[in-house]
Structure formats: C-alpha cells, structure tokens
Amino acid sequence: MTKIAVLGNGSWGSVLGSMLADNGNDVTFYGNIESVNEEINAKHTNSHYMKDWKLNETTKATGNLEEALDGAELVLFVLPTKAVRIVAKQVRKVLDKTGNKPLLVTATKGIEPGTKKLISEILTEEIYPNDQDKIVAISGPSHAENVAQKDLTAIACASTDEENAKKVQKIFSNDYVRFYTNDDLIGVEVGGAVKNVIAIAAGILVGQGYGDDAKAALMTRGLAEITRLGVNYFNAKPMTFSGLSGIGDLIVTCTSVNSRNWRAGKQIGEGKTLDYVLKNMGQVVEGATTVKAVHELSEEKHIDMPISEAIYRVLYENADVATEIKKMMGRAPKPEISL
Ligand SMILES: NC(=O)C1=CN([C@@H]2O[C@H](COP(=O)(O)OP(=O)(O)OC[C@H]3O[C@@H](n4cnc5c(N)ncnc54)[C@H](O)[C@@H]3O)[C@@H](O)[C@H]2O)C=CC1
Ligand SMILES: O=C(CO)COP(=O)(O)O
C-alpha cells in the first residue's frame, strides 16, 4: 500500500485517485473547493465534475495541504496548468518543514505561458531543483469518463529515471488501465499538452460543418506540428509522437465528445465566443492556455506551427474562423515531411 496525495479533485483527479484506492492504496485528495471536499467525504460522490459516479469509499478529501501531504510517498498533481506553480510552491514549504521526499507524478497536460515550461520543469524548479529524476509524467489517450467506467485504457508513464517510471507503472496499473514506461519525459509531456490545441481546431472544423477528410488532415498535420515543436525546441525524441502521448492522445482528444478541448472548439466553430465557452464549460480547457505558450515559442524560435497560430488568432485576436481556414489552405505549397 502506498500513501498518496492527489492534488486536484476535479474530473481526472477524482477518477485517478479513486482508481489508485481501488488498487489498494491510501488516497487523500487536496482540493480548493470546500463543497467538493465535503461531498467526497460525506457521500463519496463529486457531482459537479463526475455525474452519476461513486468514488472508492476509502478516499478522503481535505482543503488542508499539510494534512494531504502528511506521510505521502507519492504526490499526484492533477491541477490545471495555471495552478501548478502556485500549489508547487506551497508543497515545497510543507516538504521543507517535514523533510519528506515523495515521488512526484504529474497528470496535468500543459505548457506554462511566459516561461514556456512543461509541468515537470515547473515541479523540478519549485520542489526538487537538480533532481528531475523524482518526477514522472503520465499521459495518453484517457478520459475521466471512460476510466470511471473501467473502459480499457493505455497510458505512458515517463521519467528520466527508469526505476521511478517502473514504480509508477506498478502502482497505477490494473486490469483495465495498462501503463507503459517511457524514458522521454519531455516528449511525452509535449504530446499531451499540444494535442489540446489541435483538438480545439478539430472541434472548430466540426462546428463549421467540415467532415472526416478535414479531420484526418488536421490530425495528421497537427501531429507534424507537435513533432516539430517537440524535436526542435524541447529536444524530444521524434518516435515519442507515434506513441500513446502522441498520436494516441491526439486521436482521442480530436474525436471524443468527452474532450473539453474538442467541445470548446466545436462551440467556437458554431460562433460562440471564447469567454462564453470557458464560462460555461465548468472544467478546464487546457488548449486555451497552452496555445499562448505555443504562440510565443513559434514566434520567438521561428517554429512553423500554422494550425496553432491560427487557433491563437481565433481565440485571442478575434480572427474570423472561415478566413483562417481559407488562409491555411492557400499557403505556399510545401513537401509533406519537414521538421
Ligand atoms: N479530464 C480528463 O479526462 C483528463 C484531464 N487531464 C488533465 O488533468 C488536468 C486536470 O484536469 P481535470 O481534472 O479534467 O480538470 P477539472 O477542471 O475537472 O478539475 C480541476 C481541479 O483542480 C482544482 N484546482 C484548481 N486550482 C486549484 C488550486 N489552486 N488549488 C487546489 N486545487 C485547485 C479544482 O478545484 C478542480 O477540482 C488538466 O491538465 C487536464 O488536461 C488529463 C487526462 C484526462
Ligand atoms: O487529455 C485528455 C485525454 O487524454 C483530456 O482531454 P480534454 O482536456 O480535452 O478533455
């Protein structure tokens, strides 16, 4: 049995935490919404984030970080990207006080605008400077709604330290979720983060009435763009993007109605504003944050990312969707493979 603190009890946090408890671990959630913590403790439900579903009855929730981290051997971050650095600073304070050195696992998928840092880089900076080996990222085609129903799922767990990746694989795996270790921590994170931007684009195409060919073209060229950024800026391994956190995650997020990014895109394609969509989603739409970092990188490092740039203009510069699609199709001819 491993003592686990799960930071974030939204949809993915509660499902992962409950799954870890089903696997025989001692799980405490930390969340910043008191009513969610109370509901988990009283009824083992989380009706805002996961309707008609029950968590494992041994799980507990608290708004007190010290209590959640008490004796934790593993700390799982399942927060929105924009909350990770804030909470990581608080975690560091608690760990400094107790001297505890838990393994850190991130399930958050994003790139921080401004710093252009991945989640493992934020956790390294804020919690374990010079010890990236203690961080594992999990990412792959996995929606909370599916895992909650024990649908069959495969996810990558990546670390610069093989033993730590294997530890996470052992703790998290069961007979319906299979974890594969991967040594390309950065590549796995880039795949999981940037596919959210492409998923917004996939939703926009559907909202505009385009069909299967358009979707397939977008996903394939989107993967080219993700790979270009991963290899040229982050030094990721190109093969990682043919894996679970590359093409795998891209497929599920660009095609599933469970995807918040895809649903946000569809509404934007139908003419809704980003403000309206974000206010009404009630859950995090990570692509809307990550696209800012991708835009900064594409501009500063001259990385060709036409789809992500078009999404940035539509979301933040009031660009017209139909005009952007026309511009995209009218670009100068180019060879298919260009890194
Ligand atoms: N929902 C899903 O199926 C999947 C989500 N992910 C990733 O997991 C991350 C979290 O996603 P979801 O659980 O879906 O988000 P969500 O929007 O359902 O829940 C976010 C949770 O974080 C909490 N939170 C926000 N700021 C906080 C703070 N400062 N302190 C403490 N708690 C705070 C909220 O109260 C909420 O419980 C995202 O990066 C997402 O891309 C990855 C795979 C699947
Ligand atoms: O990362 C995910 C699926 O693997 C979740 O995607 P959404 O955030 O778009 O729901």
# chains A, B, ... in the order shown; residues from 1 in each chain; ligands from 1
$ residues_around --residues "Lys301 in chain A" --least-positions-apart "6" --cutoff "12 Å" --atoms "only C-alpha atoms" --output "VMD selection string"
chain A and resid 116 228 to 229 232 to 234 293 to 295
$ write_last_selection --atoms "N, CA and C atoms" --output "PDB file, in the first residue's frame"
ATOM      1  N   LYS A 116       7.177  29.239 -20.773  1.00  0.00           N
ATOM      2  CA  LYS A 116       7.194  28.167 -21.769  1.00  0.00           C
ATOM      3  C   LYS A 116       7.699  26.850 -21.164  1.00  0.00           C
ATOM      4  N   ARG A 228       7.381  18.861 -34.642  1.00  0.00           N
ATOM      5  CA  ARG A 228       8.339  19.942 -34.964  1.00  0.00           C
ATOM      6  C   ARG A 228       8.690  20.732 -33.704  1.00  0.00           C
ATOM      7  N   LEU A 229       7.690  21.077 -32.920  1.00  0.00           N
ATOM      8  CA  LEU A 229       7.946  21.833 -31.690  1.00  0.00           C
ATOM      9  C   LEU A 229       8.727  20.965 -30.695  1.00  0.00           C
ATOM     10  N   ASN A 232      12.441  20.300 -32.142  1.00  0.00           N
ATOM     11  CA  ASN A 232      13.301  21.480 -32.348  1.00  0.00           C
ATOM     12  C   ASN A 232      13.470  22.357 -31.109  1.00  0.00           C
ATOM     13  N   TYR A 233      12.483  22.437 -30.254  1.00  0.00           N
ATOM     14  CA  TYR A 233      12.635  23.302 -29.070  1.00  0.00           C
ATOM     15  C   TYR A 233      12.910  22.497 -27.806  1.00  0.00           C
ATOM     16  N   PHE A 234      12.181  21.387 -27.628  1.00  0.00           N
ATOM     17  CA  PHE A 234      12.295  20.667 -26.350  1.00  0.00           C
ATOM     18  C   PHE A 234      13.279  19.488 -26.399  1.00  0.00           C
ATOM     19  N   ALA A 293       1.417  29.755 -24.951  1.00  0.00           N
ATOM     20  CA  ALA A 293       2.836  29.379 -24.873  1.00  0.00           C
ATOM     21  C   ALA A 293       3.343  28.934 -26.242  1.00  0.00           C
ATOM     22  N   VAL A 294       2.510  28.183 -26.960  1.00  0.00           N
ATOM     23  CA  VAL A 294       2.906  27.692 -28.279  1.00  0.00           C
ATOM     24  C   VAL A 294       3.102  28.872 -29.234  1.00  0.00           C
ATOM     25  N   HIS A 295       2.218  29.845 -29.141  1.00  0.00           N
ATOM     26  CA  HIS A 295       2.334  31.045 -29.986  1.00  0.00           C
ATOM     27  C   HIS A 295       3.650  31.774 -29.694  1.00  0.00           C
TER      28      HIS A 295
END
$ residues_around --residues "range 80-92 of chain A" --least-positions-apart "6" --cutoff "7 Å" --atoms "only C-alpha atoms" --output "list of chain:residue names"
A:Thr108, A:Lys109, A:Gly110, A:Glu112, A:Ile122, A:Leu123, A:Glu126, A:Ile127, A:Val284
$ residues_around --residues "Val257 in chain A" --least-positions-apart "6" --cutoff "12 Å" --atoms "only C-alpha atoms" --output "list of chain:residue names"
A:His143, A:Glu145, A:Asn146, A:Ala199, A:Ile200, A:Ala202, A:Gly203, A:Val206, A:Ile251, A:Arg263, A:Ala264, A:Gly265, A:Lys266
$ residues_around --residues "Ala158 in chain A" --least-positions-apart "5" --cutoff "12 Å" --atoms "only C-alpha atoms" --output "ChimeraX atom specification"
/A:104-107,120,132-140,163-169,179-192,240,243-245
$ write_last_selection --atoms "C-alpha atoms" --output "JSON list (two decimals), in the first residue's frame"
[["chain", "number", "residue", "atom", "x", "y", "z"],
["A", 104, "LEU", "CA", 6.02, 13.44, -7.79],
["A", 105, "VAL", "CA", 3.71, 12.39, -10.60],
["A", 106, "THR", "CA", 2.05, 14.82, -12.98],
["A", 107, "ALA", "CA", -1.14, 14.10, -14.90],
["A", 120, "SER", "CA", 7.88, 18.51, -14.92],
["A", 132, "GLN", "CA", 14.25, 15.83, -12.19],
["A", 133, "ASP", "CA", 14.59, 12.05, -11.67],
["A", 134, "LYS", "CA", 11.96, 12.18, -8.92],
["A", 135, "ILE", "CA", 9.30, 13.30, -11.38],
["A", 136, "VAL", "CA", 7.12, 11.06, -13.54],
["A", 137, "ALA", "CA", 4.58, 12.27, -16.12],
["A", 138, "ILE", "CA", 1.57, 10.18, -17.07],
["A", 139, "SER", "CA", -0.10, 10.98, -20.37],
["A", 140, "GLY", "CA", -2.01, 9.12, -23.03],
["A", 163, "GLU", "CA", 13.10, 2.83, -11.72],
["A", 164, "ASN", "CA", 10.71, 5.65, -10.85],
["A", 165, "ALA", "CA", 8.78, 5.14, -14.10],
["A", 166, "LYS", "CA", 8.52, 1.43, -13.22],
["A", 167, "LYS", "CA", 7.37, 2.27, -9.67],
["A", 168, "VAL", "CA", 4.53, 4.38, -11.06],
["A", 169, "GLN", "CA", 3.69, 1.71, -13.64],
["A", 179, "PHE", "CA", 0.77, 1.77, -18.21],
["A", 180, "TYR", "CA", 3.83, 1.72, -20.48],
["A", 181, "THR", "CA", 7.13, 3.19, -19.28],
["A", 182, "ASN", "CA", 8.86, 5.75, -21.48],
["A", 183, "ASP", "CA", 12.23, 7.50, -21.00],
["A", 184, "ASP", "CA", 11.28, 10.62, -22.99],
["A", 185, "LEU", "CA", 9.73, 12.67, -20.18],
["A", 186, "ILE", "CA", 9.75, 15.91, -22.15],
["A", 187, "GLY", "CA", 8.40, 14.35, -25.36],
["A", 188, "VAL", "CA", 5.53, 12.67, -23.51],
["A", 189, "GLU", "CA", 4.59, 15.99, -21.92],
["A", 190, "VAL", "CA", 4.79, 17.95, -25.19],
["A", 191, "GLY", "CA", 2.48, 15.42, -26.89],
["A", 192, "GLY", "CA", -0.08, 15.60, -24.07],
["A", 240, "THR", "CA", 7.54, 9.53, -28.92],
["A", 243, "GLY", "CA", 3.13, 6.66, -29.22],
["A", 244, "LEU", "CA", 0.38, 6.90, -26.64],
["A", 245, "SER", "CA", 1.08, 10.51, -25.74]]
$ closest_atom_pairs --of "range 136-228 of chain A" --to "range 323-330 of chain A" --cutoff "12 Å" --atoms "only C-alpha atoms" --output "Markdown table"
| residue | atom | partner | partner_atom | distance |
| --- | --- | --- | --- | --- |
| A:Ala201 | CA | A:Ile325 | CA | 10.1 |
| A:Ala202 | CA | A:Ile325 | CA | 11.9 |
| A:Ile204 | CA | A:Ile325 | CA | 10.1 |
| A:Leu205 | CA | A:Ile325 | CA | 8.9 |
| A:Gln208 | CA | A:Ile325 | CA | 10.1 |
| A:Tyr210 | CA | A:Ile325 | CA | 10.9 |
| A:Ala214 | CA | A:Ile325 | CA | 10.7 |
| A:Ala217 | CA | A:Met329 | CA | 11.2 |
| A:Leu218 | CA | A:Met328 | CA | 10.8 |
| A:Arg221 | CA | A:Met328 | CA | 11.4 |
$ select_by_dssp --residues "range 9-211 of chain A" --states "strand (DSSP E or B)" --output "ChimeraX atom specification"
/A:26-30,45-46,50-54,60-62,74-77,103-106,111-112,117-118,135-139,153-158,177-182
$ closest_atom_pairs --of "chain A" --to "ligand 2" --cutoff "6 Å" --atoms "only C-alpha atoms and all ligand atoms" --output "Markdown table"
| residue | atom | partner | partner_atom_place_in_ligand_line | distance |
| --- | --- | --- | --- | --- |
| A:Gly140 | CA | ligand 2 | 4 (O) | 5.3 |
| A:Pro141 | CA | ligand 2 | 4 (O) | 3.9 |
| A:Ser142 | CA | ligand 2 | 4 (O) | 4.1 |
| A:His143 | CA | ligand 2 | 3 (C) | 4.8 |
| A:Asn196 | CA | ligand 2 | 9 (O) | 5.9 |
| A:Asp249 | CA | ligand 2 | 4 (O) | 5.1 |
| A:Thr253 | CA | ligand 2 | 6 (O) | 5.3 |
| A:Asn258 | CA | ligand 2 | 10 (O) | 5.8 |
| A:Ser259 | CA | ligand 2 | 10 (O) | 3.3 |
| A:Arg260 | CA | ligand 2 | 10 (O) | 4.0 |
| A:Asn261 | CA | ligand 2 | 9 (O) | 3.8 |
| A:Trp262 | CA | ligand 2 | 9 (O) | 5.9 |
| A:Val285 | CA | ligand 2 | 8 (O) | 5.8 |
$ closest_residue --among "A:Pro129, A:Gly230, A:Gly287, A:Gly13" --to "ligand 1" --atoms "only C-alpha atoms and all ligand atoms"
A:Gly13
$ select_by_dssp --residues "range 51-300 of chain A" --states "alpha helix (DSSP H)" --output "MDAnalysis selection string"
chainID A and resid 65:69 81:98 119:126 144:148 162:172 185:207 212:232 249:255 260:269 274:281 286:300
$ atom_distance --atom1 "CA of Asn37 in chain A" --atom2 "CA of Pro102 in chain A"
22.9 Å
$ residues_around --residues "Asn56 in chain A" --least-positions-apart "5" --cutoff "12 Å" --atoms "only C-alpha atoms" --output "list of chain:residue names"
A:Ser14, A:Val15, A:Leu16, A:Gly17, A:Ser18, A:Met19, A:Leu20, A:Ala21, A:Asp22, A:Asn23, A:Gly24, A:Asn25, A:Asp26, A:Val27, A:Thr28, A:Ile40, A:Asn41, A:Lys43, A:His44, A:Thr45, A:Asn46, A:Ala61, A:Ala148
$ residues_around --residues "Val291 in chain A" --least-positions-apart "2" --cutoff "10 Å" --atoms "only C-alpha atoms" --output "number ranges by chain"
A: 110-113, 193-194, 196-198, 200, 286-289, 293-297, 308-313, 315-316
$ closest_residue --among "A:Ser173, A:Thr227, A:Ser298, A:Gln283" --to "ligand 1" --atoms "only C-alpha atoms and all ligand atoms"
A:Gln283
